[in-house]
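File shown: target-v1.cif. Contents: mmCIF, C-alpha atoms and all ligand atoms.
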```cif
data_structure
loop_
_atom_site.label_atom_id
_atom_site.label_comp_id
_atom_site.auth_asym_id
_atom_site.auth_seq_id
_atom_site.Cartn_x
_atom_site.Cartn_y
_atom_site.Cartn_z
CA MET A 1 10.18 22.32 -10.95
CA PRO A 2 7.42 19.73 -11.39
CA ASN A 3 5.52 18.03 -8.59
CA TYR A 4 5.38 14.25 -8.65
CA HIS A 5 3.19 11.55 -7.17
CA ILE A 6 3.92 7.81 -7.20
CA TRP A 7 1.18 5.28 -6.42
CA THR A 8 2.49 1.81 -5.58
CA ILE A 9 0.92 -1.56 -4.89
CA GLY A 10 2.39 -5.07 -4.84
CA CYS A 11 5.54 -6.68 -3.58
CA GLN A 12 8.74 -5.29 -2.07
CA MET A 13 10.33 -5.24 -5.53
CA ASN A 14 7.71 -2.70 -6.65
CA LYS A 15 8.33 -0.67 -3.50
CA ALA A 16 12.08 -0.74 -4.16
CA GLU A 17 11.54 0.44 -7.72
CA SER A 18 9.24 3.24 -6.60
CA GLU A 19 11.84 4.36 -4.04
CA ARG A 20 14.36 4.57 -6.87
CA LEU A 21 12.01 6.57 -9.08
CA ALA A 22 11.42 8.95 -6.17
CA SER A 23 15.13 9.39 -5.59
CA LEU A 24 15.75 10.22 -9.25
CA PHE A 25 13.07 12.92 -9.07
CA ASP A 26 14.36 14.20 -5.73
CA GLN A 27 17.88 14.50 -7.13
CA LYS A 28 16.47 16.62 -9.93
CA GLY A 29 14.72 18.90 -7.44
CA TYR A 30 11.16 17.73 -8.19
CA GLN A 31 8.74 17.96 -5.28
CA VAL A 32 6.86 14.96 -3.98
CA VAL A 33 3.13 15.59 -3.35
CA PRO A 34 0.77 13.35 -1.37
CA ASN A 35 -2.15 13.78 -3.73
CA ALA A 36 -2.37 12.98 -7.45
CA THR A 37 -4.47 16.10 -8.09
CA GLN A 38 -1.49 18.33 -7.18
CA ALA A 39 0.98 16.50 -9.41
CA ASP A 40 2.55 17.30 -12.78
CA ILE A 41 3.94 13.75 -13.03
CA ILE A 42 1.90 10.75 -11.87
CA ILE A 43 3.33 7.25 -11.89
CA LEU A 44 1.25 4.16 -11.20
CA ASN A 45 3.40 1.21 -10.15
CA THR A 46 1.10 -1.75 -10.70
CA CYS A 47 0.81 -5.41 -9.65
CA VAL A 48 -0.99 -8.26 -11.44
CA VAL A 49 -0.09 -11.19 -9.21
CA ARG A 50 -3.79 -11.60 -8.42
CA GLN A 51 -6.92 -10.31 -10.15
CA ASN A 52 -7.85 -7.91 -7.33
CA ALA A 53 -4.47 -6.15 -7.55
CA GLU A 54 -4.93 -5.78 -11.30
CA ASP A 55 -8.47 -4.42 -10.77
CA ARG A 56 -7.19 -1.82 -8.32
CA ALA A 57 -4.60 -0.61 -10.81
CA VAL A 58 -7.08 -0.41 -13.68
CA ASN A 59 -9.65 1.44 -11.52
CA LYS A 60 -7.01 3.90 -10.41
CA LEU A 61 -6.01 4.49 -14.02
CA ARG A 62 -9.64 5.01 -15.13
CA ASN A 63 -10.14 7.52 -12.31
CA LEU A 64 -7.21 9.55 -13.54
CA LYS A 65 -8.74 10.08 -16.98
CA THR A 66 -10.67 13.22 -15.97
CA LEU A 67 -7.64 14.63 -14.17
CA LYS A 68 -5.56 14.16 -17.30
CA LYS A 69 -8.23 15.96 -19.37
CA SER A 70 -8.35 18.94 -17.02
CA HIS A 71 -4.56 19.13 -16.75
CA PRO A 72 -3.20 18.59 -20.27
CA GLY A 73 0.44 19.19 -19.26
CA LEU A 74 0.29 16.30 -16.80
CA ILE A 75 2.60 13.34 -17.47
CA LEU A 76 0.73 10.14 -16.70
CA ALA A 77 2.90 7.02 -16.75
CA VAL A 78 2.29 3.38 -15.86
CA THR A 79 4.91 0.82 -14.84
CA GLY A 80 5.05 -2.41 -12.80
CA CYS A 81 3.88 -5.90 -13.74
CA TRP A 82 0.68 -4.78 -15.46
CA VAL A 83 2.84 -3.52 -18.32
CA ASP A 84 3.41 -6.54 -20.54
CA SER A 85 5.39 -6.68 -23.79
CA ASN A 86 2.40 -5.56 -25.83
CA ILE A 87 2.72 -1.86 -25.07
CA ASP A 88 0.97 -0.94 -28.35
CA ARG A 89 -2.18 -2.70 -27.18
CA LEU A 90 -2.02 -0.89 -23.81
CA LYS A 91 -1.59 2.43 -25.62
CA ALA A 92 -4.60 1.68 -27.82
CA ASN A 93 -6.78 0.82 -24.81
CA PHE A 94 -5.61 3.75 -22.67
CA PRO A 95 -4.77 6.52 -25.14
CA TYR A 96 -4.66 9.19 -22.40
CA VAL A 97 -1.63 7.52 -20.78
CA ASP A 98 1.60 9.20 -21.90
CA TYR A 99 4.04 6.39 -21.15
CA PHE A 100 4.04 2.71 -20.33
CA PHE A 101 7.39 1.34 -19.18
CA LYS A 102 8.28 -2.12 -17.95
CA ALA A 103 8.91 -2.99 -14.29
CA GLY A 104 12.47 -2.09 -13.30
CA ASP A 105 13.04 0.23 -16.29
CA GLY A 106 13.62 3.94 -15.88
CA PRO A 107 11.07 6.61 -16.83
CA PRO A 108 11.62 6.98 -20.60
CA TRP A 109 11.22 10.78 -20.66
CA GLU A 110 14.14 11.25 -18.22
CA ASP A 111 17.88 10.79 -18.75
CA LEU A 112 18.26 7.05 -18.35
CA ASN A 113 21.94 7.30 -17.38
CA GLU A 114 20.87 9.24 -14.32
CA TRP A 115 18.18 6.65 -13.67
CA SER A 116 20.68 3.81 -13.48
CA GLN A 117 22.54 5.69 -10.74
CA ALA A 118 19.49 6.64 -8.72
CA LEU A 119 19.74 5.34 -5.17
CA PRO A 120 16.86 5.48 -2.71
CA LYS A 121 16.47 8.86 -1.12
CA GLN A 122 17.98 9.32 2.29
CA PRO A 123 18.12 9.38 5.19
CA GLN A 124 16.07 6.30 5.97
CA PRO A 125 17.17 3.54 8.30
CA THR A 126 16.05 0.65 6.14
CA THR A 127 16.37 0.23 2.38
CA TYR A 128 15.44 -2.39 -0.24
CA VAL A 129 18.24 -3.49 -2.56
CA PRO A 130 17.27 -5.63 -5.57
CA ILE A 131 19.99 -8.24 -6.20
CA ILE A 132 18.34 -10.43 -8.84
CA GLN A 133 15.62 -9.52 -11.29
CA GLY A 134 13.14 -11.88 -12.93
CA CYS A 135 12.43 -15.55 -12.32
CA ASN A 136 13.14 -18.80 -14.17
CA ASN A 137 10.75 -21.00 -12.23
CA PHE A 138 7.37 -20.81 -13.93
CA CYS A 139 5.28 -22.02 -11.00
CA ALA A 140 2.00 -22.92 -12.69
CA TYR A 141 -0.07 -20.14 -11.07
CA CYS A 142 2.42 -17.29 -11.31
CA VAL A 143 2.56 -14.42 -13.78
CA VAL A 144 5.85 -12.96 -12.52
CA PRO A 145 8.22 -14.69 -15.01
CA TYR A 146 6.05 -13.45 -17.89
CA ARG A 147 6.20 -9.85 -16.73
CA ARG A 148 9.67 -9.60 -15.23
CA GLY A 149 11.54 -11.90 -17.60
CA ARG A 150 14.38 -14.34 -16.88
CA GLU A 151 16.80 -14.11 -13.96
CA ARG A 152 19.48 -11.43 -14.12
CA SER A 153 21.80 -11.04 -11.11
CA ARG A 154 23.53 -7.79 -10.33
CA PRO A 155 27.31 -8.20 -10.02
CA LEU A 156 28.41 -8.78 -6.42
CA SER A 157 30.79 -5.81 -6.45
CA GLU A 158 28.01 -3.53 -7.69
CA VAL A 159 25.70 -4.56 -4.85
CA VAL A 160 28.50 -4.13 -2.28
CA CYS A 161 29.37 -0.64 -3.61
CA GLU A 162 25.73 0.36 -3.55
CA VAL A 163 25.22 -0.83 0.03
CA LYS A 164 28.37 1.05 1.13
CA GLU A 165 27.01 4.20 -0.48
CA LEU A 166 23.62 3.71 1.20
CA VAL A 167 25.32 3.24 4.57
CA LYS A 168 27.25 6.49 4.05
CA ARG A 169 23.89 8.20 3.54
CA GLY A 170 22.40 6.77 6.73
CA THR A 171 21.02 3.31 5.94
CA MET A 172 21.40 0.87 8.84
CA GLU A 173 19.53 -2.11 7.44
CA VAL A 174 19.25 -3.48 3.91
CA THR A 175 16.76 -6.01 2.58
CA LEU A 176 18.14 -7.87 -0.44
CA LEU A 177 15.38 -8.62 -2.91
CA GLY A 178 14.77 -11.26 -5.52
CA GLN A 179 11.90 -13.52 -6.57
CA ASN A 180 14.27 -16.33 -5.70
CA VAL A 181 17.35 -15.09 -3.84
CA ASP A 182 18.75 -18.63 -3.84
CA SER A 183 19.32 -18.24 -7.59
CA TYR A 184 21.53 -15.22 -7.00
CA GLY A 185 24.77 -15.31 -8.97
CA HIS A 186 24.35 -18.40 -11.15
CA ASP A 187 24.40 -16.19 -14.25
CA LEU A 188 27.49 -14.17 -13.20
CA PRO A 189 31.04 -15.01 -14.38
CA ASP A 190 32.45 -16.16 -10.98
CA LYS A 191 29.12 -17.69 -9.90
CA PRO A 192 29.00 -16.13 -6.43
CA ASP A 193 25.98 -17.17 -4.34
CA LEU A 194 23.89 -15.48 -1.69
CA ALA A 195 26.16 -16.82 1.08
CA ASP A 196 29.14 -15.07 -0.61
CA LEU A 197 27.20 -11.84 -0.94
CA LEU A 198 26.07 -11.92 2.70
CA THR A 199 29.66 -12.53 3.81
CA GLU A 200 30.89 -9.45 1.88
CA LEU A 201 28.07 -7.26 3.18
CA ASN A 202 28.59 -8.42 6.75
CA GLY A 203 32.00 -6.72 6.66
CA ILE A 204 30.62 -3.24 5.93
CA ASP A 205 31.15 -0.87 8.88
CA ASN A 206 28.06 0.90 10.23
CA LEU A 207 25.71 -1.51 8.50
CA TYR A 208 23.76 -3.18 11.29
CA ARG A 209 21.32 -5.58 9.70
CA ILE A 210 21.00 -7.60 6.52
CA ARG A 211 17.74 -9.21 5.44
CA PHE A 212 16.86 -11.05 2.25
CA LEU A 213 13.76 -12.45 0.54
CA THR A 214 12.38 -14.66 -0.97
CA ASN A 215 13.98 -18.11 -0.61
CA HIS A 216 12.79 -21.12 -2.58
CA PRO A 217 12.41 -24.49 -0.82
CA LYS A 218 13.84 -26.36 -3.80
CA ASP A 219 17.01 -24.25 -3.86
CA MET A 220 17.87 -23.14 -0.34
CA SER A 221 21.27 -24.59 0.57
CA LEU A 222 22.77 -25.90 3.79
CA ARG A 223 25.72 -23.62 3.09
CA LEU A 224 23.41 -20.60 3.26
CA ILE A 225 21.76 -21.82 6.47
CA GLN A 226 25.16 -22.23 8.11
CA ARG A 227 26.31 -18.83 6.90
CA ILE A 228 23.24 -17.19 8.49
CA THR A 229 24.33 -18.59 11.86
CA GLU A 230 27.90 -17.35 11.40
CA LEU A 231 27.27 -13.78 10.26
CA ASP A 232 26.22 -11.49 13.09
CA LYS A 233 24.48 -8.86 10.93
CA VAL A 234 22.27 -11.31 9.08
CA CYS A 235 18.77 -11.31 10.58
CA LYS A 236 17.40 -14.58 11.87
CA ASN A 237 14.34 -14.48 9.67
CA ILE A 238 13.58 -16.53 6.57
CA ASN A 239 10.71 -16.27 4.11
CA LEU A 240 10.19 -19.73 2.72
CA PRO A 241 6.89 -20.09 0.83
CA MET A 242 5.43 -23.61 0.96
CA GLN A 243 2.27 -22.72 -1.06
CA SER A 244 0.54 -26.06 -0.30
CA GLY A 245 0.75 -28.98 2.12
CA SER A 246 -0.37 -31.52 -0.50
CA ASN A 247 2.14 -33.31 -2.70
CA GLU A 248 -0.35 -33.59 -5.58
CA ILE A 249 -1.03 -29.87 -5.50
CA LEU A 250 2.66 -28.99 -5.17
CA LYS A 251 3.28 -31.11 -8.26
CA ALA A 252 0.47 -29.39 -10.18
CA MET A 253 1.91 -26.06 -9.05
CA ARG A 254 5.32 -27.18 -10.40
CA ARG A 255 7.09 -26.15 -7.23
CA GLY A 256 9.82 -28.80 -7.46
CA TYR A 257 9.68 -30.16 -3.88
CA THR A 258 7.50 -32.40 -1.74
CA VAL A 259 6.02 -31.77 1.69
CA GLU A 260 8.64 -34.17 3.08
CA ASP A 261 11.46 -32.10 1.48
CA TYR A 262 9.94 -28.95 2.90
CA ARG A 263 9.57 -30.39 6.40
CA ARG A 264 13.17 -31.65 6.32
CA LEU A 265 14.39 -28.19 5.33
CA ILE A 266 12.44 -26.43 8.09
CA ASN A 267 13.73 -28.92 10.66
CA GLU A 268 17.29 -28.43 9.41
CA ILE A 269 16.93 -24.64 9.66
CA ARG A 270 15.54 -24.88 13.19
CA ARG A 271 18.30 -27.25 14.25
CA GLU A 272 21.01 -24.89 12.96
CA ILE A 273 19.31 -21.61 13.97
CA PRO A 274 17.08 -22.25 17.01
CA ASP A 275 15.94 -18.60 17.33
CA ILE A 276 14.92 -18.31 13.67
CA SER A 277 11.58 -16.73 12.76
CA LEU A 278 9.91 -18.14 9.67
CA SER A 279 7.31 -16.79 7.30
CA ASN A 280 5.32 -18.66 4.70
CA ASP A 281 3.05 -18.07 1.68
CA ILE A 282 0.04 -20.29 1.06
CA ILE A 283 -2.39 -20.45 -1.84
CA VAL A 284 -5.81 -21.99 -1.12
CA GLY A 285 -8.20 -23.20 -3.80
CA PHE A 286 -5.64 -24.03 -6.48
CA PRO A 287 -7.44 -25.94 -9.31
CA THR A 288 -8.41 -29.50 -8.30
CA GLU A 289 -7.61 -28.88 -4.59
CA THR A 290 -9.91 -31.19 -2.63
CA GLU A 291 -11.06 -30.74 0.95
CA ALA A 292 -8.63 -33.49 1.99
CA GLN A 293 -5.72 -31.80 0.21
CA PHE A 294 -6.61 -28.48 1.80
CA GLN A 295 -6.70 -30.24 5.18
CA GLN A 296 -3.13 -31.42 4.54
CA THR A 297 -2.07 -27.76 4.25
CA VAL A 298 -3.82 -27.02 7.54
CA ASP A 299 -2.07 -30.00 9.14
CA VAL A 300 1.42 -28.96 7.99
CA LEU A 301 0.86 -25.37 9.17
CA THR A 302 -0.34 -26.70 12.55
CA GLU A 303 2.67 -28.96 12.80
CA LEU A 304 5.41 -26.56 11.67
CA ARG A 305 4.02 -23.34 13.24
CA PHE A 306 5.17 -20.26 11.34
CA ASP A 307 5.56 -16.76 12.72
CA THR A 308 3.75 -15.29 9.72
CA VAL A 309 1.70 -16.79 6.90
CA HIS A 310 0.61 -14.80 3.84
CA ILE A 311 -2.54 -16.47 2.57
CA ALA A 312 -4.04 -15.96 -0.87
CA ALA A 313 -7.03 -17.43 -2.69
CA TYR A 314 -5.98 -18.80 -6.07
CA SER A 315 -6.58 -16.28 -8.83
CA PRO A 316 -6.19 -17.47 -12.43
CA ARG A 317 -3.69 -15.32 -14.32
CA PRO A 318 -3.99 -15.29 -18.11
CA GLY A 319 -1.02 -16.85 -19.85
CA THR A 320 0.15 -18.96 -16.89
CA ILE A 321 0.34 -22.74 -17.13
CA ALA A 322 -2.50 -23.21 -14.62
CA ALA A 323 -4.77 -20.79 -16.46
CA ARG A 324 -4.08 -22.52 -19.77
CA GLU A 325 -4.30 -26.12 -18.61
CA LEU A 326 -6.54 -26.27 -15.56
CA VAL A 327 -10.11 -25.26 -14.79
CA ASP A 328 -10.52 -22.85 -11.85
CA ASP A 329 -12.89 -25.34 -10.24
CA VAL A 330 -12.89 -24.38 -6.55
CA PRO A 331 -15.87 -22.01 -6.11
CA ALA A 332 -15.17 -18.50 -4.81
CA ASP A 333 -17.11 -19.11 -1.58
CA GLU A 334 -15.15 -22.26 -0.89
CA LYS A 335 -11.84 -20.42 -1.46
CA LYS A 336 -13.01 -17.78 1.00
CA ARG A 337 -13.91 -20.46 3.55
CA ARG A 338 -10.50 -22.13 3.24
CA LEU A 339 -8.75 -18.78 3.44
CA SER A 340 -10.52 -17.88 6.64
CA ILE A 341 -9.77 -21.29 8.21
CA VAL A 342 -6.04 -20.75 7.60
CA GLU A 343 -6.26 -17.15 8.82
CA LYS A 344 -7.89 -18.23 12.08
CA LEU A 345 -5.40 -21.04 12.60
CA GLN A 346 -2.49 -18.69 11.97
CA GLU A 347 -3.92 -16.08 14.31
CA LYS A 348 -3.90 -18.67 17.10
CA ILE A 349 -0.37 -19.81 16.33
CA ALA A 350 1.01 -16.27 16.08
CA THR A 351 -0.77 -15.32 19.32
CA LYS A 352 1.09 -18.08 21.14
CA ILE A 353 4.47 -17.48 19.50
CA ASN A 354 4.34 -13.74 20.20
CA ALA A 355 3.10 -14.26 23.78
CA GLY A 356 6.40 -16.06 24.33
CA LEU A 357 8.12 -12.69 23.92
CA MET A 358 6.32 -11.18 26.94
CA GLU A 359 8.78 -9.56 29.41
CA LYS A 360 11.66 -10.26 27.03
CA THR A 361 14.00 -7.51 25.86
CA VAL A 362 14.26 -7.13 22.09
CA GLU A 363 16.38 -4.94 19.84
CA VAL A 364 14.34 -2.78 17.45
CA LEU A 365 15.45 -0.58 14.57
CA VAL A 366 13.09 2.38 14.71
CA GLU A 367 11.61 3.21 11.32
CA GLY A 368 9.23 6.04 12.16
CA LYS A 369 6.30 7.36 14.15
CA GLU A 370 2.62 6.66 13.59
CA LYS A 371 -0.31 8.05 15.60
CA GLY A 372 2.06 9.25 18.30
CA LYS A 373 3.87 5.94 18.64
CA TRP A 374 7.33 4.96 17.50
CA TYR A 375 7.53 1.72 15.55
CA GLY A 376 10.21 -0.56 14.22
CA ARG A 377 11.12 -4.19 13.76
CA THR A 378 13.15 -6.77 15.58
CA GLY A 379 15.75 -8.79 13.67
CA THR A 380 13.13 -11.54 13.58
CA ASP A 381 10.76 -9.14 11.80
CA LYS A 382 8.33 -8.53 14.66
CA LEU A 383 6.65 -5.14 14.50
CA VAL A 384 7.00 -3.32 17.85
CA PHE A 385 5.39 -0.05 19.00
CA PHE A 386 6.45 2.13 21.91
CA SER A 387 5.79 5.59 23.31
CA ASP A 388 8.60 7.90 24.36
CA ASN A 389 9.17 11.64 24.05
CA ALA A 390 12.77 11.42 22.85
CA ASN A 391 13.61 11.21 19.13
CA TYR A 392 14.28 7.61 18.16
CA ALA A 393 14.09 7.88 14.37
CA GLY A 394 16.72 5.58 12.84
CA LYS A 395 17.97 4.38 16.23
CA LEU A 396 18.52 0.87 17.50
CA VAL A 397 16.71 0.63 20.79
CA HIS A 398 16.21 -2.07 23.41
CA LEU A 399 12.60 -2.54 24.41
CA LYS A 400 11.01 -4.63 27.10
CA ILE A 401 7.87 -6.27 25.72
CA GLU A 402 4.75 -5.54 27.75
CA LEU A 403 1.91 -6.40 25.41
CA THR A 404 1.66 -8.93 22.62
CA SER A 405 -0.85 -9.70 19.86
CA PRO A 406 -0.71 -11.93 16.77
CA TRP A 407 0.23 -8.92 14.60
CA SER A 408 2.48 -6.71 16.71
CA LEU A 409 4.08 -6.10 20.09
CA GLN A 410 4.32 -3.16 22.46
CA GLY A 411 7.22 -2.33 24.70
CA THR A 412 8.97 0.30 26.77
CA VAL A 413 12.49 1.59 26.44
CA ASN A 414 15.05 -0.16 28.60
CA HIS A 415 17.06 2.81 29.85
N1 LIG B 501 8.85 -15.44 -5.62
C1 LIG B 501 8.07 -15.63 -4.49
C2 LIG B 501 6.78 -14.82 -4.47
C3 LIG B 501 6.09 -14.49 -5.73
S1 LIG B 501 4.48 -13.83 -5.76
C4 LIG B 501 7.80 -17.12 -4.31
O1 LIG B 501 8.32 -17.94 -5.00
O2 LIG B 501 7.05 -17.46 -3.42
C5 LIG B 501 4.04 -13.66 -4.06
C6 LIG B 501 3.00 -14.63 -3.60
O3 LIG B 501 1.78 -14.39 -4.26
C7 LIG B 501 3.31 -16.09 -3.87
O4 LIG B 501 4.12 -16.63 -2.88
C8 LIG B 501 1.95 -16.73 -3.92
O5 LIG B 501 1.58 -17.24 -2.66
C9 LIG B 501 1.04 -15.59 -4.32
N2 LIG B 501 0.55 -15.79 -5.69
C10 LIG B 501 1.26 -15.74 -6.83
N3 LIG B 501 0.46 -16.00 -7.88
C11 LIG B 501 -0.79 -16.19 -7.38
C12 LIG B 501 -2.06 -16.50 -7.98
N4 LIG B 501 -2.19 -16.67 -9.28
N5 LIG B 501 -3.11 -16.63 -7.15
C13 LIG B 501 -3.00 -16.48 -5.83
N6 LIG B 501 -1.82 -16.19 -5.22
C14 LIG B 501 -0.73 -16.05 -5.98
FE1 LIG B 502 6.41 -16.87 -9.21
FE2 LIG B 502 7.38 -19.26 -8.59
FE3 LIG B 502 9.02 -17.40 -9.59
FE4 LIG B 502 8.05 -17.14 -7.13
S1 LIG B 502 9.42 -18.76 -7.84
S2 LIG B 502 8.13 -15.55 -8.71
S3 LIG B 502 6.00 -17.99 -7.31
S4 LIG B 502 7.31 -18.35 -10.67
#
```
Please express what this file holds, its structure, as structure tokens.
Ligand code: SAH
Ligand code: SF4
Amino acid sequence: MPNYHIWTIGCQMNKAESERLASLFDQKGYQVVPNATQADIIILNTCVVRQNAEDRAVNKLRNLKTLKKSHPGLILAVTGCWVDSNIDRLKANFPYVDYFFKAGDGPPWEDLNEWSQALPKQPQPTTYVPIIQGCNNFCAYCVVPYRRGRERSRPLSEVVCEVKELVKRGTMEVTLLGQNVDSYGHDLPDKPDLADLLTELNGIDNLYRIRFLTNHPKDMSLRLIQRITELDKVCKNINLPMQSGSNEILKAMRRGYTVEDYRRLINEIRREIPDISLSNDIIVGFPTETEAQFQQTVDVLTELRFDTVHIAAYSPRPGTIAARELVDDVPADEKKRRLSIVEKLQEKIATKINAGLMEKTVEVLVEGKEKGKWYGRTGTDKLVFFSDNANYAGKLVHLKIELTSPWSLQGTVNH
């Protein structure tokens, strides 16, 4: 039986797809190996959302050239968002690669019927479940719609059956994935939405938590917000990327909302769900972003105070609207400066928010052990570490928080 090795970078969708590849191989009896040099099958699951992710994937691929030469029987395959529709060009540039296959597709040398049934390997307490593929939004900076195509929702009954099966195998928490989960269902015959799907999933016995990401500020509905408050298994955590605090930049980004719309939505969410935790994505240095416009982003982040902010420096992506129509005119050093200002601000905000959890008891789903410490997440997506000799893998545990930092918490078991 062959040994396999999967290398993954990028978003949760890539991770979900790598989990599914691994489970197909596991079902066939293939052995996973930690090192590419021991493998008979190597898969690189790539990301091109920013230039540095693309560079990492290409470097990795170049490094594997010698390995492929010394191990002629090795299957070397590349998937993920680096694989565009021009596979012939990729093959010409990287002739030593055996297969290129598009993100979300199965490995073409395997039985693809088996691939479509491959569920993530078990047991693991928390599992990603893609519910909608692709994106119809074409934000000016973003390459995703070009690489993952238009939106395709999975039928509601199919998702429910899959989650039931995962729960039977030991999953306690699912994270529903989509580039825009608020679009879920619009392309299905009965037009169910995310609120309908959450309601169905909430009824599954022995499923304890339901998460979802990513929401889009132009699409998130009041109906969904209310449903989150009503359904006990749905985690009080929302990922709602703002991207910029300037209306001019949001317009140039083609995001479809204003800062005022965004603020109204956040206030609405907080009114309905007071204990909600919120995460945000920000891009600094988008073309034409002035110091004053950047300052507006800083001001909105200071005002609205998010639990987590993912910050990226704008990276022009060939083929996108911004790369075609706008000059990347904010110098690299200036992007770095703006990025670090937002990072420092967010560190302060998260320090304060997390300090508020001191002495509180939180419920954590334990995902594993690292450097002698158990770790898991709260429903609000706070990472918590604790030490205890008993086996807590896959258990829900109540912890009293004794140490906090902007990035994680530490607690002790409440016996
Ligand atoms: N669908 C999600 C996330 C898509 S990509 C959404 O709508 O937000 C994940 C994040 O990468 C984005 O939120 C954005 O902040 C960042 N990103 C995407 N393209 C980028 C680019 N060209 N340069 C810098 N950051 C980018
Ligand atoms: Fe990219 Fe915008 Fe679609 Fe998100 S919503 S994947 S940022 S195009």
Could you list, as a CSV table (one decimal) with C-alpha atoms, in the coordinates of the input, all protein and nucleic acid residues with an atom at most 9 Å from ligand LIG 501 (chain B), counting only C-alpha atoms and all ligand atoms?
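What ended up in pocket_28.csv:
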```
chain,number,residue,atom,x,y,z
A,10,GLY,CA,2.4,-5.1,-4.8
A,11,CYS,CA,5.5,-6.7,-3.6
A,48,VAL,CA,-1.0,-8.3,-11.4
A,49,VAL,CA,-0.1,-11.2,-9.2
A,50,ARG,CA,-3.8,-11.6,-8.4
A,51,GLN,CA,-6.9,-10.3,-10.2
A,135,CYS,CA,12.4,-15.6,-12.3
A,137,ASN,CA,10.8,-21.0,-12.2
A,139,CYS,CA,5.3,-22.0,-11.0
A,140,ALA,CA,2.0,-22.9,-12.7
A,141,TYR,CA,-0.1,-20.1,-11.1
A,142,CYS,CA,2.4,-17.3,-11.3
A,143,VAL,CA,2.6,-14.4,-13.8
A,144,VAL,CA,5.8,-13.0,-12.5
A,178,GLY,CA,14.8,-11.3,-5.5
A,179,GLN,CA,11.9,-13.5,-6.6
A,180,ASN,CA,14.3,-16.3,-5.7
A,181,VAL,CA,17.4,-15.1,-3.8
A,213,LEU,CA,13.8,-12.4,0.5
A,214,THR,CA,12.4,-14.7,-1.0
A,215,ASN,CA,14.0,-18.1,-0.6
A,216,HIS,CA,12.8,-21.1,-2.6
A,217,PRO,CA,12.4,-24.5,-0.8
A,239,ASN,CA,10.7,-16.3,4.1
A,240,LEU,CA,10.2,-19.7,2.7
A,241,PRO,CA,6.9,-20.1,0.8
A,242,MET,CA,5.4,-23.6,1.0
A,243,GLN,CA,2.3,-22.7,-1.1
A,255,ARG,CA,7.1,-26.2,-7.2
A,280,ASN,CA,5.3,-18.7,4.7
A,281,ASP,CA,3.0,-18.1,1.7
A,282,ILE,CA,0.0,-20.3,1.1
A,283,ILE,CA,-2.4,-20.4,-1.8
A,284,VAL,CA,-5.8,-22.0,-1.1
A,285,GLY,CA,-8.2,-23.2,-3.8
A,286,PHE,CA,-5.6,-24.0,-6.5
A,310,HIS,CA,0.6,-14.8,3.8
A,311,ILE,CA,-2.5,-16.5,2.6
A,312,ALA,CA,-4.0,-16.0,-0.9
A,313,ALA,CA,-7.0,-17.4,-2.7
A,314,TYR,CA,-6.0,-18.8,-6.1
A,315,SER,CA,-6.6,-16.3,-8.8
A,316,PRO,CA,-6.2,-17.5,-12.4
A,317,ARG,CA,-3.7,-15.3,-14.3
A,320,THR,CA,0.2,-19.0,-16.9
A,322,ALA,CA,-2.5,-23.2,-14.6
A,323,ALA,CA,-4.8,-20.8,-16.5
```
Identify the residues within 9 Å of coordinate (17.1, 7.5, 16.1) (same frame as the file), considering all atoms listed in the file, and give the answer as a JSON list (two decimals) with C-alpha atoms, in the frame of the given file.
```
[["chain", "number", "residue", "atom", "x", "y", "z"],
["A", 125, "PRO", "CA", 17.17, 3.54, 8.30],
["A", 365, "LEU", "CA", 15.45, -0.58, 14.57],
["A", 366, "VAL", "CA", 13.09, 2.38, 14.71],
["A", 367, "GLU", "CA", 11.61, 3.21, 11.32],
["A", 368, "GLY", "CA", 9.23, 6.04, 12.16],
["A", 390, "ALA", "CA", 12.77, 11.42, 22.85],
["A", 391, "ASN", "CA", 13.61, 11.21, 19.13],
["A", 392, "TYR", "CA", 14.28, 7.61, 18.16],
["A", 393, "ALA", "CA", 14.09, 7.88, 14.37],
["A", 394, "GLY", "CA", 16.72, 5.58, 12.84],
["A", 395, "LYS", "CA", 17.97, 4.38, 16.23],
["A", 396, "LEU", "CA", 18.52, 0.87, 17.50],
["A", 397, "VAL", "CA", 16.71, 0.63, 20.79]]
```
**Item:** Contact residues around stretch 58-62 of chain A with all atoms listed in the file at 10 Å, ignoring same-chain residues under 2 positions, as a list in words
**Value:**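 In the requested form, the answer reads Trp7, Ile43, Leu44, Thr46, Asn52, Ala53, Glu54, Asp55, Arg56, Leu64, Lys65, Thr66, Leu67, Leu76, Ala77, Val78, Trp82, Phe94, Tyr96 and Val97 of chain A.
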**Message:** Show me, as a list in words, the residues that have an atom within 12 Å of A:Gly379 when counting only C-alpha atoms, minus same-chain residues fewer than 6 positions from it.
**Reply:**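 The residues satisfying every condition are Glu173, Val174, Thr175, Tyr208, Arg209, Ile210, Arg211, Phe212, Asp232, Lys233, Val234, Cys235, Lys236, Asn237, Ile238, Asp275, Ile276, Ser277, Leu278, Val362, Glu363, Val364, Leu365, Val366, Leu396, Val397 and His398 of chain A.
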**Which of A:Leu24, A:Ile401, A:Ile204, A:Val413 sits closest to A:Asp111 [using all atoms listed in the file]** =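 Counting all atoms listed in the file, the residue closest to A:Asp111 is A:Leu24.
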**Residue contacts of A:Leu156 (12 Å, all atoms listed in the file) excluding same-chain residues fewer than 6 positions away, as a ChimeraX atom specification** = /A:130-132,162-163,176,184-201
**Prompt:** Got a sec to check which residues sit within 12 Å of (-1.2, -31.3, 10.2), counting all atoms listed in the file, and write them as a ChimeraX atom specification?
**Reply:** /A:244-246,259,263,292-305,342,345
